[in-house]
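Structure first, then comments.
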Amino acid sequence: MPPARRIRQAVIGRLYEFTRHALEEMDDDGLSETDVRFALLRGEVVASLGDDRVHCRVTMKPDFCEYCNGALQTGERLVTVHRHVGDRHFIFERVPARVCPRCGERYFSAAIVRKMDREMKHRRRTSLRPVPIISLSPEG
Ligand SMILES: [Zn+2]
């Protein structure tokens, strides 16, 4: 099956996960799980990163860590996740994730990412806490 079709099948079946790194990139660009899903289903390839091969980094529920190749367990742990929309910051507690035992990278299901996106949009059940903002400017 060609990579583009394989990716679309995975998206339709929600058989994919987001790394913590992917979430950070999405937040920086203001993209939601829905945006990514839409792009993967409707988008077209405008640039290829390789010479002749399509570099496909979309893996469906990977068995090995994208970053260190450590073996991933199927079981999930509850972790704390920091996300932001523009300059509004959110801390999610007790988020289920698969965690790489070697490098600590976290893998979140599409459903969980979508749930966090919704909470950030509607801000239900939030408790507010002051956060110190510290600027490390070089000494003059
Ligand atoms: Zn790893």
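Following the order of the structure tokens, first chain is A, next is B, and so on, with residues numbered from 1 inside each chain and ligands from 1 in the order they appear.
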Pick out the residues no farther than 7 Å from ligand 1, counting only C-alpha atoms and all ligand atoms, and list them as a PyMOL selection string. chain A and resi 65-70+100-105
Using DSSP secondary structure from the backbone, list all helix (DSSP H, G or I) positions within chain A, as JSON, numbers by chain. {"A": [3, 4, 5, 6, 7, 8, 9, 10, 11, 12, 20, 21, 22, 23, 24, 25, 26, 27, 28, 29, 33, 34, 35, 36, 37, 38, 39, 40, 41, 42, 110, 111, 112, 113, 114, 115, 116, 117, 118, 119, 120, 121, 122]}
Could you take the residues named above and write them with N, CA and C atoms, as a compact mmCIF listing (two decimals), in the first residue's frame?
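What landed in again_6.txt:
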```txt
# COMPACT_ATOMS: atom_id res chain seq x y z
N PRO A 3 2.46 4.89 0.84
CA PRO A 3 2.49 5.56 2.15
C PRO A 3 1.32 6.50 2.39
N ALA A 4 0.95 7.32 1.40
CA ALA A 4 -0.14 8.28 1.60
C ALA A 4 -1.44 7.57 1.95
N ARG A 5 -1.68 6.44 1.30
CA ARG A 5 -2.91 5.70 1.55
C ARG A 5 -2.87 5.03 2.92
N ARG A 6 -1.68 4.52 3.27
CA ARG A 6 -1.49 3.88 4.57
C ARG A 6 -1.73 4.90 5.70
N ILE A 7 -1.23 6.12 5.49
CA ILE A 7 -1.42 7.18 6.49
C ILE A 7 -2.90 7.50 6.64
N ARG A 8 -3.60 7.62 5.50
CA ARG A 8 -5.03 7.96 5.56
C ARG A 8 -5.83 6.87 6.27
N GLN A 9 -5.47 5.61 6.02
CA GLN A 9 -6.16 4.50 6.69
C GLN A 9 -5.97 4.62 8.20
N ALA A 10 -4.75 4.95 8.61
CA ALA A 10 -4.45 5.08 10.04
C ALA A 10 -5.21 6.25 10.64
N VAL A 11 -5.34 7.33 9.87
CA VAL A 11 -6.05 8.52 10.38
C VAL A 11 -7.53 8.20 10.55
N ILE A 12 -8.09 7.54 9.55
CA ILE A 12 -9.51 7.20 9.61
C ILE A 12 -9.79 6.31 10.82
N ARG A 20 5.16 13.98 22.58
CA ARG A 20 5.18 15.24 23.31
C ARG A 20 5.77 16.33 22.42
N HIS A 21 6.79 15.95 21.65
CA HIS A 21 7.42 16.89 20.73
C HIS A 21 6.41 17.40 19.69
N ALA A 22 5.60 16.50 19.16
CA ALA A 22 4.59 16.89 18.17
C ALA A 22 3.60 17.88 18.79
N LEU A 23 3.18 17.61 20.04
CA LEU A 23 2.24 18.52 20.72
C LEU A 23 2.83 19.91 20.86
N GLU A 24 4.13 19.98 21.22
CA GLU A 24 4.79 21.28 21.37
C GLU A 24 4.80 22.03 20.04
N GLU A 25 5.13 21.32 18.96
CA GLU A 25 5.15 21.94 17.64
C GLU A 25 3.76 22.42 17.23
N MET A 26 2.74 21.59 17.51
CA MET A 26 1.37 21.97 17.18
C MET A 26 0.94 23.21 17.95
N ASP A 27 1.25 23.25 19.26
CA ASP A 27 0.88 24.41 20.07
C ASP A 27 1.57 25.67 19.58
N ASP A 28 2.84 25.54 19.21
CA ASP A 28 3.58 26.71 18.71
C ASP A 28 2.95 27.25 17.43
N ASP A 29 2.41 26.36 16.61
CA ASP A 29 1.81 26.78 15.34
C ASP A 29 0.30 26.98 15.44
N GLU A 33 -5.59 18.83 17.05
CA GLU A 33 -5.64 17.45 16.53
C GLU A 33 -6.51 17.41 15.29
N THR A 34 -7.62 18.18 15.32
CA THR A 34 -8.55 18.23 14.19
C THR A 34 -7.86 18.80 12.95
N ASP A 35 -7.05 19.84 13.13
CA ASP A 35 -6.32 20.44 12.00
C ASP A 35 -5.38 19.42 11.37
N VAL A 36 -4.64 18.71 12.23
CA VAL A 36 -3.68 17.73 11.74
C VAL A 36 -4.40 16.60 11.01
N ARG A 37 -5.49 16.15 11.62
CA ARG A 37 -6.30 15.09 11.02
C ARG A 37 -6.82 15.52 9.64
N PHE A 38 -7.33 16.75 9.57
CA PHE A 38 -7.87 17.29 8.31
C PHE A 38 -6.77 17.35 7.25
N ALA A 39 -5.58 17.84 7.67
CA ALA A 39 -4.48 17.97 6.72
C ALA A 39 -4.05 16.61 6.19
N LEU A 40 -4.01 15.62 7.09
CA LEU A 40 -3.58 14.28 6.67
C LEU A 40 -4.59 13.63 5.74
N LEU A 41 -5.88 13.93 5.94
CA LEU A 41 -6.92 13.32 5.12
C LEU A 41 -7.10 14.05 3.79
N ARG A 42 -7.03 15.38 3.84
CA ARG A 42 -7.35 16.17 2.64
C ARG A 42 -6.14 16.78 1.96
N ALA A 110 -4.71 9.92 19.80
CA ALA A 110 -5.42 11.01 19.11
C ALA A 110 -6.62 11.46 19.94
N ALA A 111 -7.31 10.50 20.58
CA ALA A 111 -8.50 10.84 21.38
C ALA A 111 -8.13 11.73 22.56
N ILE A 112 -7.01 11.44 23.21
CA ILE A 112 -6.58 12.24 24.36
C ILE A 112 -6.16 13.64 23.92
N VAL A 113 -5.45 13.73 22.79
CA VAL A 113 -5.03 15.04 22.29
C VAL A 113 -6.25 15.89 21.94
N ARG A 114 -7.24 15.26 21.33
CA ARG A 114 -8.47 15.95 20.96
C ARG A 114 -9.20 16.45 22.21
N LYS A 115 -9.20 15.62 23.27
CA LYS A 115 -9.86 16.00 24.51
C LYS A 115 -9.17 17.22 25.14
N MET A 116 -7.83 17.21 25.13
CA MET A 116 -7.09 18.36 25.67
C MET A 116 -7.39 19.61 24.84
N ASP A 117 -7.42 19.46 23.51
CA ASP A 117 -7.73 20.60 22.63
C ASP A 117 -9.08 21.21 23.01
N ARG A 118 -10.06 20.35 23.22
CA ARG A 118 -11.41 20.83 23.57
C ARG A 118 -11.40 21.59 24.88
N GLU A 119 -10.68 21.02 25.88
CA GLU A 119 -10.62 21.67 27.19
C GLU A 119 -9.95 23.03 27.08
N MET A 120 -8.92 23.14 26.26
CA MET A 120 -8.23 24.42 26.11
C MET A 120 -9.14 25.44 25.43
N LYS A 121 -9.99 24.96 24.53
CA LYS A 121 -10.89 25.84 23.81
C LYS A 121 -12.03 26.34 24.71
N HIS A 122 -12.57 25.42 25.51
CA HIS A 122 -13.75 25.78 26.30
C HIS A 122 -13.43 26.08 27.76
```
One-decimal distance in Å that lies between atom CA of A:Tyr16 and atom CA of A:Arg94: 20.4 Å
Mind checking which residues fall within 8 Å of A:Ser109, counting only C-alpha atoms, ignoring those fewer than 6 positions away in the same chain, and posting them as an MDAnalysis selection string? chainID A and resid 16:18 97
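Comparing A:Leu15, A:Ile133, A:Leu72, A:Leu31 by their smallest distance to A:His89, the closest is A:Ile133 (using only C-alpha atoms).
Across the model, the gap from atom CA of A:Gly86 to atom CA of A:Ser137 is 22.1 Å.
Going from atom CA of A:Asp87 to atom CA of A:Gly43 covers 28.5 Å.
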